[in-house]
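In what follows, a structure is listed as structure tokens, so that the remarks can point back to it.
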Protein chains: 2
Amino acid sequence: MTTVRKIAQEAGVSVATVSRALNNDAAISERTRELVLTIANNRGYMARTGRRVTTYVGFACSGEQVLSHPFEAGVLDGVAQGVAESGYNVVLLNLKRGKRRDETYTQFFMRHGVRGAVLRIVAGSRGICHAIAEEGFPHVVISERFDSADISCVDCDSRPDSLRAIEYLIALGHRRIAFATHTVPDHDQQDRFEGYKEALLNHGIAVEDRLILRHPGSLAGGASVLKVVMSMPERPTAVYCADWMLAVGAVKAAHELSVRVPDDLSIIGFDDADGRHCVHPTLTAVCQDAVKLGVEASARLVKILDGDAQAPFQFTAPTFFEVNESTGPPPAHVVRIVANGNGSARSDESGAGGA
Amino acid sequence: MTTVRKIAQEAGVSVATVSRALNNDAAISERTRELVLTIANNRGYMARTGRRVTTYVGFACSGEQVLSHPFEAGVLDGVAQGVAESGYNVVLLNLKRGKRRDETYTQFFMRHGVRGAVLRIVAGSRGICHAIAEEGFPHVVISERFDSADISCVDCDSRPDSLRAIEYLIALGHRRIAFATHTVPDHDQQDRFEGYKEALLNHGIAVEDRLILRHPGSLAGGASVLKVVMSMPERPTAVYCADWMLAVGAVKAAHELSVRVPDDLSIIGFDDADGRHCVHPTLTAVCQDAVKLGVEASARLVKILDGDAQAPFQFTAPTFFEVNESTGPPPAHVVRIVANGNGSARSDESGAGGA
DNA sequence: CTGAAAGCGCTTACAG
DNA sequence: CTGAAAGCGCTTACAG
């Protein structure tokens, strides 16, 4: 390990001079400073003490998250923005890979120079949040909700806007409305399902199991949703895809199967970012702003660390419902796609879309 | 500032005991350990010395980057993956906001516990890379290219596949091919333009200024590209959109204006991630893998830090050209869209697409 | 399981 | 502009 002593030896100066050179003390010659810094770089010197070690805010994941997913990327972007003016920086941590068995979360974070943590976990790792809160370590959980008042969290409640979205379809005349979700259970999908159910119940429409579809949150999953929906007997005239990849995949499959959106089928999507605008027709969608979630979480965490806010806290960010081009009245003639040997045929079920 | 001494006082134990509690020494009672950790958390204790301070790899941006952009998000994802097994963690740094005037880059990084830096800069900030290389600080620049052999960098060369892409169009029979780029100059756009030009020259096709379009790298920019292309006299029968948002925006605008892709117009896009699959028709595209770029950069950096590889180095990752559905032969009848008072009309320029 | 003390890495008045 | 020395924060054999 490289210490000031070793650098001093190599440079032929005192440790005091090395220290001053490393810290840009005014009283140091340019020549000496450069000499010391060069040796420090060559030896991979890293200060192990001193006043000036910066502290961090951690973006701590349970490990399953894909950072390039639009939601995670948006959240991380926001987390970085939220600490921008604070003097803190953001460090990426993996709660499962990095932490030793024999240390607490507090110790894990301290070892990394982290004073507070923004937590991104999956449903199966909620225990981590309880443990961190119990240890009293400053934290904010993003996109999860807890009964315990000790856990600080920031999330979106997409139930109200999901309800509005379905009621919008009902107002357009739709009565058979499918709900599509991805296969990883989380409270967000649950919220959207609750909103869906509540809207149907409000209008005396039965919630039918066969209209609740579960497919992988991918383009292929979205294509499956579209095919299943379009080939059902008494097929739905609208579908709410509560995940953005499902929505995009469904729209794409509609083009491929010449299903006209919204003339043949209305699609409501969910959007974490700008995905709804990338497809044609532009998706009517329930939207959350992942960047804002991240900003909210890290800015609040910094305030807590600086003593300007109290923990724990709970904050629910609004979603919004945006009407675009993928929704319209149900078709007068409900055409269904029936798979046969060599592809698909169309079967007319006129009027099935009515109330 | 909270020190072991203060915690010791509050807990009524020696500093030695505090140190042992903080470091999970086996010889410590559970009761004492919890007491000490609770006080440490309450006081926001942060170790300022000791053996165990972790060191970091920095993901250092010049500040203009949007972390939620698919390319940046992919790169960052890759950078995190590339250090996953190494014991290093990644910290997000802003080279312009965080650095003090009176410190070198080396000092800036050392102050943050950063041993090596992955650099993401814009064309206007290339001087930063020269300065860091001159200081001898371990680094890898992503997606820039330098004459100086002292600068380590990882990038993609999209020229060869851009050339292939245009030659593919030429082989399909296209002769008037437009090139669309975004408005921020960078070497990637330049590479793609070079490939475009070379392909045309190889086949004796003149490079026409009016077929080179510059629009903001957004959906609106892509829509403009499509409209301009479709309304040109002797309009192009194909366009290479060298930026993924331009490509997606162009495809979307084609739907809106009932321009059939590829029957009326072939579109080749560029893709940093999976965008080409999200639209209909799936885009024929030149693709780079942002995640792989990030992995390559940070994994190599870690090897350099661990003494397992030599710096400086230059690595050029391959792109790939993927033929999908957005390209086909030029139309026999080249229909042009001419804007008029209330919208647009079509004007037939039959045969203009032929060789 | 804990403390007193030695020791390491670093910084900083003080002296020159 | 530099060094010798005091001092701080922390860790770790050593002793009990």
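Letters for chains follow the order of the structure tokens (A, B, ...), residue numbers begin at 1 for each chain, and ligand numbers begin at 1 in the order shown.
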Which residues of chain C have any atom within 7 Å of an atom in chain B when counting only C-alpha atoms (C1' of nucleotides), and what is the closest pair of atoms for each, with the distance in Å to one decimal? Order the rows by chain and rising number and write it as CSV.
residue,atom,partner,partner_atom,distance
C:DC1,C1',B:Ile28,CA,5.8
C:DT2,C1',B:Thr17,CA,6.9
C:DG3,C1',B:Ser14,CA,6.5
Which chain A residues are at most 6 Å from chain B (counting only C-alpha atoms), as a VMD selection string?
chain A and resid 41 48 to 49 53 to 54 67 to 68 73 to 74 77 90 to 92 111 to 112 137 252 279 to 280
Go ahead and save the picked residues with C-alpha atoms, as a PDB file, in the first residue's frame.
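File produced: again24.pdb:
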ATOM      1  CA  ASN A  41      -0.396   8.268  -9.603  1.00  0.00           C
ATOM      2  CA  ARG A  48      -6.644   6.679   3.854  1.00  0.00           C
ATOM      3  CA  THR A  49      -7.386   9.434   6.267  1.00  0.00           C
ATOM      4  CA  VAL A  53     -12.739  12.403   2.299  1.00  0.00           C
ATOM      5  CA  THR A  54     -16.056  12.960   0.550  1.00  0.00           C
ATOM      6  CA  LEU A  67     -29.802  -0.329 -14.863  1.00  0.00           C
ATOM      7  CA  SER A  68     -30.439   0.237 -18.546  1.00  0.00           C
ATOM      8  CA  ALA A  73     -32.282   4.540 -15.746  1.00  0.00           C
ATOM      9  CA  GLY A  74     -34.801   7.292 -15.110  1.00  0.00           C
ATOM     10  CA  ASP A  77     -30.797   9.886 -13.445  1.00  0.00           C
ATOM     11  CA  VAL A  90     -23.833   8.926  -5.814  1.00  0.00           C
ATOM     12  CA  VAL A  91     -22.267   5.496  -5.563  1.00  0.00           C
ATOM     13  CA  LEU A  92     -23.770   2.323  -7.028  1.00  0.00           C
ATOM     14  CA  ARG A 111     -17.272   1.004   4.795  1.00  0.00           C
ATOM     15  CA  HIS A 112     -18.167   2.593   1.459  1.00  0.00           C
ATOM     16  CA  PHE A 137     -29.565   4.039   8.860  1.00  0.00           C
ATOM     17  CA  LYS A 252     -46.434  -3.705 -32.730  1.00  0.00           C
ATOM     18  CA  VAL A 279     -44.964   4.067 -31.370  1.00  0.00           C
ATOM     19  CA  HIS A 280     -47.806   4.678 -33.780  1.00  0.00           C
TER      20      HIS A 280
END
Least-squares Cα fit of chain A to chain B, output as a CSV table (one decimal) with C-alpha atoms, in the first residue's frame:
chain,number,residue,atom,x,y,z
A,1,MET,CA,-18.0,15.8,13.3
A,2,THR,CA,-18.6,12.5,15.0
A,3,THR,CA,-15.4,10.6,16.0
A,4,VAL,CA,-14.8,7.4,17.8
A,5,ARG,CA,-13.9,9.5,20.8
A,6,LYS,CA,-17.3,11.2,21.0
A,7,ILE,CA,-19.1,7.9,20.5
A,8,ALA,CA,-16.9,6.3,23.2
A,9,GLN,CA,-17.9,9.2,25.6
A,10,GLU,CA,-21.6,8.8,24.9
A,11,ALA,CA,-21.5,5.1,25.2
A,12,GLY,CA,-19.3,5.1,28.3
A,13,VAL,CA,-16.6,2.9,26.7
A,14,SER,CA,-13.1,3.3,25.4
A,15,VAL,CA,-12.3,4.3,21.9
A,16,ALA,CA,-10.8,0.8,21.4
A,17,THR,CA,-14.2,-0.7,22.1
A,18,VAL,CA,-15.9,1.6,19.7
A,19,SER,CA,-13.4,0.8,17.0
A,20,ARG,CA,-13.9,-2.9,17.6
A,21,ALA,CA,-17.7,-2.6,17.6
A,22,LEU,CA,-17.6,-0.6,14.3
A,23,ASN,CA,-15.4,-3.3,12.7
A,24,ASN,CA,-17.2,-6.3,14.0
A,25,ASP,CA,-14.3,-7.6,16.0
A,26,ALA,CA,-15.3,-11.1,17.3
A,27,ALA,CA,-14.3,-10.1,20.8
A,28,ILE,CA,-17.2,-7.7,21.4
A,29,SER,CA,-20.5,-8.2,23.2
A,30,GLU,CA,-23.6,-8.0,21.1
A,31,ARG,CA,-25.0,-5.4,23.5
A,32,THR,CA,-22.0,-3.1,23.2
A,33,ARG,CA,-21.9,-3.5,19.4
A,34,GLU,CA,-25.6,-2.5,19.1
A,35,LEU,CA,-25.2,0.4,21.5
A,36,VAL,CA,-22.2,1.8,19.5
A,37,LEU,CA,-23.8,1.3,16.1
A,38,THR,CA,-27.0,3.0,17.3
A,39,ILE,CA,-25.0,6.1,18.4
A,40,ALA,CA,-23.0,6.0,15.2
A,41,ASN,CA,-26.1,6.1,13.1
A,42,ASN,CA,-27.7,8.8,15.2
A,43,ARG,CA,-24.7,11.0,15.0
A,44,GLY,CA,-24.1,10.3,11.3
A,45,TYR,CA,-20.7,8.8,12.0
A,46,MET,CA,-18.4,8.2,9.1
A,47,ALA,CA,-15.0,6.6,9.4
A,48,ARG,CA,-12.3,9.0,8.4
A,49,THR,CA,-9.4,6.6,8.4
A,50,GLY,CA,-8.6,3.0,9.0
A,51,ARG,CA,-7.8,0.0,6.8
A,52,ARG,CA,-11.1,-0.7,5.3
A,53,VAL,CA,-12.1,2.3,3.2
A,54,THR,CA,-13.2,1.0,-0.2
A,55,THR,CA,-11.9,2.5,-3.4
A,56,TYR,CA,-14.0,3.3,-6.4
A,57,VAL,CA,-14.0,3.5,-10.1
A,58,GLY,CA,-15.6,6.7,-11.3
A,59,PHE,CA,-18.1,7.1,-14.0
A,60,ALA,CA,-17.1,10.7,-14.8
A,61,CYS,CA,-19.2,12.8,-17.1
A,62,SER,CA,-18.6,16.2,-18.5
A,63,GLY,CA,-22.1,17.1,-17.4
A,64,GLU,CA,-24.2,17.3,-20.6
A,65,GLN,CA,-25.1,13.6,-20.6
A,66,VAL,CA,-28.6,12.5,-19.7
A,67,LEU,CA,-28.2,9.4,-17.7
A,68,SER,CA,-31.6,8.1,-18.7
A,69,HIS,CA,-30.8,8.3,-22.4
A,70,PRO,CA,-30.7,4.7,-23.7
A,71,PHE,CA,-27.0,5.0,-24.7
A,72,GLU,CA,-25.8,6.5,-21.4
A,73,ALA,CA,-28.0,4.1,-19.4
A,74,GLY,CA,-26.6,1.2,-21.4
A,75,VAL,CA,-23.0,2.3,-20.9
A,76,LEU,CA,-23.5,2.9,-17.2
A,77,ASP,CA,-25.2,-0.5,-16.8
A,78,GLY,CA,-22.2,-2.0,-18.5
A,79,VAL,CA,-19.7,-0.1,-16.4
A,80,ALA,CA,-21.4,-1.5,-13.3
A,81,GLN,CA,-21.3,-5.0,-14.7
A,82,GLY,CA,-17.7,-4.7,-15.7
A,83,VAL,CA,-16.5,-4.1,-12.1
A,84,ALA,CA,-19.0,-6.5,-10.5
A,85,GLU,CA,-16.5,-9.2,-9.6
A,86,SER,CA,-13.6,-6.9,-8.8
A,87,GLY,CA,-14.3,-5.5,-5.4
A,88,TYR,CA,-14.5,-2.0,-6.9
A,89,ASN,CA,-17.7,0.0,-6.9
A,90,VAL,CA,-18.9,2.7,-9.2
A,91,VAL,CA,-19.4,6.3,-8.2
A,92,LEU,CA,-21.0,9.0,-10.4
A,93,LEU,CA,-19.0,12.1,-10.8
A,94,ASN,CA,-19.5,15.3,-12.7
A,95,LEU,CA,-16.2,16.6,-14.0
A,96,LYS,CA,-17.4,20.2,-14.3
A,97,ARG,CA,-19.5,20.6,-11.2
A,98,GLY,CA,-17.5,18.7,-8.7
A,99,LYS,CA,-14.0,19.7,-9.4
A,100,ARG,CA,-12.4,22.7,-7.8
A,101,ARG,CA,-10.4,25.2,-9.9
A,102,ASP,CA,-7.4,24.8,-7.7
A,103,GLU,CA,-7.1,21.0,-7.9
A,104,THR,CA,-5.9,18.6,-10.5
A,105,TYR,CA,-8.1,15.8,-11.8
A,106,THR,CA,-5.9,13.4,-9.9
A,107,GLN,CA,-6.6,15.3,-6.7
A,108,PHE,CA,-10.3,15.5,-7.5
A,109,PHE,CA,-10.5,11.8,-8.0
A,110,MET,CA,-8.4,11.0,-4.9
A,111,ARG,CA,-10.6,13.2,-2.8
A,112,HIS,CA,-13.5,10.9,-3.8
A,113,GLY,CA,-11.7,7.7,-3.2
A,114,VAL,CA,-11.6,7.0,-6.9
A,115,ARG,CA,-8.7,5.0,-8.3
A,116,GLY,CA,-9.6,5.0,-11.9
A,117,ALA,CA,-12.1,6.8,-14.1
A,118,VAL,CA,-14.4,5.9,-17.0
A,119,LEU,CA,-14.8,9.2,-18.9
A,120,ARG,CA,-17.9,10.3,-20.8
A,121,ILE,CA,-17.4,13.7,-22.4
A,122,VAL,CA,-18.7,15.7,-25.3
A,123,ALA,CA,-16.7,16.9,-28.2
A,124,GLY,CA,-16.2,20.3,-26.6
A,125,SER,CA,-14.6,18.7,-23.5
A,126,ARG,CA,-11.9,16.6,-25.1
A,127,GLY,CA,-9.3,18.7,-23.3
A,128,ILE,CA,-10.3,17.1,-20.1
A,129,CYS,CA,-9.2,13.7,-21.3
A,130,HIS,CA,-5.8,15.1,-22.4
A,131,ALA,CA,-5.3,16.7,-19.0
A,132,ILE,CA,-6.2,13.5,-17.2
A,133,ALA,CA,-3.9,11.4,-19.4
A,134,GLU,CA,-1.1,13.9,-18.9
A,135,GLU,CA,-1.5,13.7,-15.1
A,136,GLY,CA,-1.1,9.9,-15.5
A,137,PHE,CA,-4.4,9.1,-13.8
A,138,PRO,CA,-5.8,5.7,-14.8
A,139,HIS,CA,-8.7,6.3,-17.2
A,140,VAL,CA,-10.7,5.0,-20.1
A,141,VAL,CA,-12.7,7.3,-22.4
A,142,ILE,CA,-15.9,5.9,-23.8
A,143,SER,CA,-17.0,6.7,-27.4
A,144,GLU,CA,-14.4,9.2,-28.3
A,145,ARG,CA,-11.2,8.8,-30.4
A,146,PHE,CA,-7.9,10.6,-30.0
A,147,ASP,CA,-4.7,11.0,-32.0
A,148,SER,CA,-2.6,10.9,-28.8
A,149,ALA,CA,-1.6,7.4,-27.9
A,150,ASP,CA,-1.5,8.3,-24.2
A,151,ILE,CA,-5.3,8.3,-23.9
A,152,SER,CA,-7.0,5.0,-23.4
A,153,CYS,CA,-10.4,4.7,-25.1
A,154,VAL,CA,-13.1,2.3,-26.0
A,155,ASP,CA,-15.4,3.2,-28.9
A,156,CYS,CA,-17.4,1.8,-31.8
A,157,ASP,CA,-16.5,2.4,-35.3
A,158,SER,CA,-19.8,2.6,-37.2
A,159,ARG,CA,-18.2,3.5,-40.5
A,160,PRO,CA,-17.8,-0.1,-41.9
A,161,ASP,CA,-21.4,-1.1,-41.1
A,162,SER,CA,-22.7,2.2,-42.3
A,163,LEU,CA,-21.0,1.6,-45.6
A,164,ARG,CA,-22.5,-1.9,-45.7
A,165,ALA,CA,-25.9,-0.5,-44.9
A,166,ILE,CA,-25.8,1.9,-47.8
A,167,GLU,CA,-24.4,-0.7,-50.1
A,168,TYR,CA,-27.3,-2.9,-49.1
A,169,LEU,CA,-29.6,-0.1,-50.2
A,170,ILE,CA,-27.7,0.3,-53.4
A,171,ALA,CA,-27.9,-3.5,-54.1
A,172,LEU,CA,-31.7,-3.2,-53.6
A,173,GLY,CA,-31.7,-0.7,-56.4
A,174,HIS,CA,-31.7,2.6,-54.5
A,175,ARG,CA,-29.8,5.5,-56.0
A,176,ARG,CA,-31.0,8.6,-54.2
A,177,ILE,CA,-30.3,8.0,-50.6
A,178,ALA,CA,-30.6,10.7,-47.9
A,179,PHE,CA,-28.5,10.9,-44.8
A,180,ALA,CA,-29.9,12.3,-41.6
A,181,THR,CA,-27.9,13.2,-38.6
A,182,HIS,CA,-28.6,15.0,-35.3
A,183,THR,CA,-27.3,18.5,-34.6
A,184,VAL,CA,-24.7,17.7,-32.0
A,185,PRO,CA,-21.4,17.1,-33.8
A,186,ASP,CA,-19.6,14.0,-32.6
A,187,HIS,CA,-17.3,11.4,-34.2
A,188,ASP,CA,-20.0,8.8,-34.2
A,189,GLN,CA,-22.1,10.8,-36.6
A,190,GLN,CA,-19.0,11.6,-38.6
A,191,ASP,CA,-18.2,7.9,-38.9
A,192,ARG,CA,-21.7,7.1,-40.2
A,193,PHE,CA,-21.4,10.0,-42.7
A,194,GLU,CA,-18.1,8.7,-43.9
A,195,GLY,CA,-19.5,5.3,-44.4
A,196,TYR,CA,-22.4,6.8,-46.3
A,197,LYS,CA,-20.2,8.8,-48.6
A,198,GLU,CA,-17.8,6.0,-49.2
A,199,ALA,CA,-20.6,3.7,-50.3
A,200,LEU,CA,-22.0,6.2,-52.7
A,201,LEU,CA,-18.5,6.9,-54.2
A,202,ASN,CA,-17.8,3.2,-54.5
A,203,HIS,CA,-20.8,3.0,-56.8
A,204,GLY,CA,-20.3,6.2,-58.7
A,205,ILE,CA,-23.2,8.0,-57.1
A,206,ALA,CA,-22.6,11.7,-56.4
A,207,VAL,CA,-22.9,12.9,-52.8
A,208,GLU,CA,-25.5,15.7,-52.9
A,209,ASP,CA,-25.6,18.4,-50.2
A,210,ARG,CA,-29.3,18.6,-50.3
A,211,LEU,CA,-29.6,15.0,-49.3
A,212,ILE,CA,-27.7,15.6,-46.1
A,213,LEU,CA,-30.2,16.5,-43.4
A,214,ARG,CA,-29.4,17.9,-39.9
A,215,HIS,CA,-32.3,17.8,-37.4
A,216,PRO,CA,-32.5,17.6,-33.6
A,217,GLY,CA,-32.1,14.1,-32.4
A,218,SER,CA,-35.7,13.8,-31.3
A,219,LEU,CA,-39.0,12.3,-32.5
A,220,ALA,CA,-39.9,15.8,-33.9
A,221,GLY,CA,-36.6,15.9,-35.7
A,222,GLY,CA,-37.2,12.5,-37.2
A,223,ALA,CA,-40.7,13.6,-38.3
A,224,SER,CA,-39.0,16.6,-40.0
A,225,VAL,CA,-36.6,14.3,-41.8
A,226,LEU,CA,-39.4,12.2,-43.1
A,227,LYS,CA,-41.4,15.2,-44.3
A,228,VAL,CA,-38.4,16.9,-45.9
A,229,VAL,CA,-37.4,13.7,-47.7
A,230,MET,CA,-40.9,12.9,-48.9
A,231,SER,CA,-41.5,16.4,-50.3
A,232,MET,CA,-38.2,16.9,-52.2
A,233,PRO,CA,-38.3,17.2,-55.9
A,234,GLU,CA,-36.7,14.0,-57.2
A,235,ARG,CA,-37.1,12.7,-53.7
A,236,PRO,CA,-34.8,10.0,-52.2
A,237,THR,CA,-36.2,6.5,-52.1
A,238,ALA,CA,-34.3,5.7,-48.9
A,239,VAL,CA,-32.9,7.5,-45.9
A,240,TYR,CA,-30.2,6.5,-43.4
A,241,CYS,CA,-31.1,8.0,-40.0
A,242,ALA,CA,-27.9,7.9,-38.1
A,243,ASP,CA,-29.5,8.4,-34.7
A,244,TRP,CA,-32.1,6.2,-33.1
A,245,MET,CA,-34.5,9.0,-32.2
A,246,LEU,CA,-34.4,10.3,-35.7
A,247,ALA,CA,-35.1,6.8,-37.0
A,248,VAL,CA,-38.0,6.2,-34.7
A,249,GLY,CA,-39.5,9.6,-35.3
A,250,ALA,CA,-39.2,9.1,-39.1
A,251,VAL,CA,-41.0,5.8,-38.9
A,252,LYS,CA,-43.7,7.3,-36.7
A,253,ALA,CA,-44.2,10.2,-39.1
A,254,ALA,CA,-44.4,7.8,-42.0
A,255,HIS,CA,-47.4,6.1,-40.3
A,256,GLU,CA,-49.0,9.5,-39.8
A,257,LEU,CA,-48.6,10.6,-43.4
A,258,SER,CA,-49.5,7.1,-44.7
A,259,VAL,CA,-46.0,6.7,-46.2
A,260,ARG,CA,-45.5,3.0,-46.5
A,261,VAL,CA,-42.2,1.7,-45.2
A,262,PRO,CA,-40.5,0.2,-47.0
A,263,ASP,CA,-42.8,0.2,-50.1
A,264,ASP,CA,-42.7,4.0,-50.5
A,265,LEU,CA,-39.5,4.7,-48.6
A,266,SER,CA,-36.8,2.5,-47.1
A,267,ILE,CA,-35.5,3.6,-43.7
A,268,ILE,CA,-32.3,2.4,-42.1
A,269,GLY,CA,-31.9,3.4,-38.5
A,270,PHE,CA,-29.2,3.4,-35.9
A,271,ASP,CA,-29.7,1.7,-32.6
A,272,ASP,CA,-27.9,1.8,-29.2
A,273,ALA,CA,-30.1,-0.8,-27.6
A,274,ASP,CA,-33.4,-2.4,-28.6
A,275,GLY,CA,-35.2,0.6,-30.1
A,276,ARG,CA,-35.3,-0.9,-33.6
A,277,HIS,CA,-37.6,-3.7,-32.3
A,278,CYS,CA,-40.1,-1.4,-30.6
A,279,VAL,CA,-41.5,0.1,-33.8
A,280,HIS,CA,-43.3,-1.3,-36.8
A,281,PRO,CA,-41.9,-2.2,-39.2
A,282,THR,CA,-38.9,-3.4,-37.3
A,283,LEU,CA,-36.0,-1.2,-38.4
A,284,THR,CA,-33.1,-2.4,-40.5
A,285,ALA,CA,-30.4,-0.7,-38.6
A,286,VAL,CA,-26.7,-0.3,-37.8
A,287,CYS,CA,-26.4,-1.2,-34.1
A,288,GLN,CA,-24.0,-0.7,-31.3
A,289,ASP,CA,-24.2,-2.4,-27.9
A,290,ALA,CA,-23.8,0.3,-25.3
A,291,VAL,CA,-23.8,-2.2,-22.5
A,292,LYS,CA,-20.8,-4.0,-24.0
A,293,LEU,CA,-18.9,-0.7,-24.4
A,294,GLY,CA,-19.4,0.0,-20.7
A,295,VAL,CA,-18.3,-3.5,-19.7
A,296,GLU,CA,-15.3,-3.4,-21.9
A,297,ALA,CA,-14.2,0.0,-20.5
A,298,SER,CA,-14.6,-0.7,-16.8
A,299,ALA,CA,-13.3,-4.3,-17.0
A,300,ARG,CA,-10.2,-3.1,-18.7
A,301,LEU,CA,-9.8,-0.3,-16.3
A,302,VAL,CA,-10.0,-2.7,-13.4
A,303,LYS,CA,-7.3,-4.9,-15.0
A,304,ILE,CA,-5.1,-1.9,-15.3
A,305,LEU,CA,-5.6,-0.9,-11.7
A,306,ASP,CA,-4.9,-4.5,-10.6
A,307,GLY,CA,-1.7,-4.6,-12.7
A,308,ASP,CA,-3.1,-7.2,-15.0
A,309,ALA,CA,-3.1,-5.0,-18.1
A,310,GLN,CA,-1.1,-2.2,-19.6
A,311,ALA,CA,-2.3,1.4,-20.2
A,312,PRO,CA,-2.8,3.2,-22.4
A,313,PHE,CA,-4.8,1.0,-24.8
A,314,GLN,CA,-7.3,1.6,-27.6
A,315,PHE,CA,-10.2,-0.7,-28.2
A,316,THR,CA,-12.7,-0.5,-31.0
A,317,ALA,CA,-15.8,-2.5,-30.5
A,318,PRO,CA,-17.7,-3.8,-33.6
A,319,THR,CA,-21.1,-2.6,-34.6
A,320,PHE,CA,-23.4,-4.9,-36.5
A,321,PHE,CA,-25.8,-4.4,-39.4
A,322,GLU,CA,-29.2,-6.0,-39.0
A,323,VAL,CA,-31.6,-6.3,-41.9
A,324,ASN,CA,-35.2,-6.2,-40.7
A,325,GLU,CA,-38.4,-5.0,-42.3
A,326,SER,CA,-37.9,-1.3,-43.0
A,327,THR,CA,-35.9,-1.7,-46.2
A,328,GLY,CA,-36.9,-3.0,-49.6
A,329,PRO,CA,-36.5,-2.2,-53.3
A,330,PRO,CA,-37.3,1.3,-54.4
A,331,PRO,CA,-40.8,2.0,-55.6
A,332,ALA,CA,-41.5,1.8,-59.3
A,333,HIS,CA,-43.6,4.9,-59.0
A,334,VAL,CA,-42.0,7.5,-56.8
A,335,VAL,CA,-44.8,9.4,-55.1
A,336,ARG,CA,-43.9,12.7,-53.6
A,337,ILE,CA,-45.8,14.5,-50.9
A,338,VAL,CA,-46.3,18.2,-51.7
A,339,ALA,CA,-47.4,20.5,-48.9
A,340,ASN,CA,-50.3,22.7,-49.9
A,341,GLY,CA,-52.6,25.0,-48.0
A,342,ASN,CA,-54.7,22.5,-46.1
A,343,GLY,CA,-52.3,19.6,-45.7
A,344,SER,CA,-50.6,17.6,-48.4
A,345,ALA,CA,-51.2,16.2,-51.8
A,346,ARG,CA,-49.4,13.6,-53.7
A,347,SER,CA,-47.5,14.1,-56.9
A,348,ASP,CA,-46.4,11.3,-59.0
A,349,GLU,CA,-42.8,11.2,-60.3
A,350,SER,CA,-42.9,7.7,-61.8
A,351,GLY,CA,-39.7,6.0,-62.4
A,352,ALA,CA,-37.6,8.6,-60.6
A,353,GLY,CA,-36.4,5.8,-58.3
A,354,GLY,CA,-34.6,4.0,-61.0
A,355,ALA,CA,-30.8,4.2,-61.7
If you run DSSP over the backbone, which residues in segment 106-353 of chain B end up strand (DSSP E)? Put them as JSON, numbers by chain.
{"B": [114, 115, 116, 117, 118, 119, 120, 139, 140, 141, 142, 153, 154, 155, 156, 177, 178, 179, 180, 181, 212, 213, 214, 238, 239, 240, 241, 266, 267, 268, 269, 270, 271, 284, 285, 286, 287, 314, 315, 316, 317, 320, 321, 322, 335, 336, 337, 338, 339, 340, 343, 344, 345, 346, 347, 348]}
I need the alpha helix (DSSP H) residues of segment 122-267 of chain A per DSSP on the backbone, written as a ChimeraX atom specification.
/A:126-135,159-172,187-202,219-231,244-256
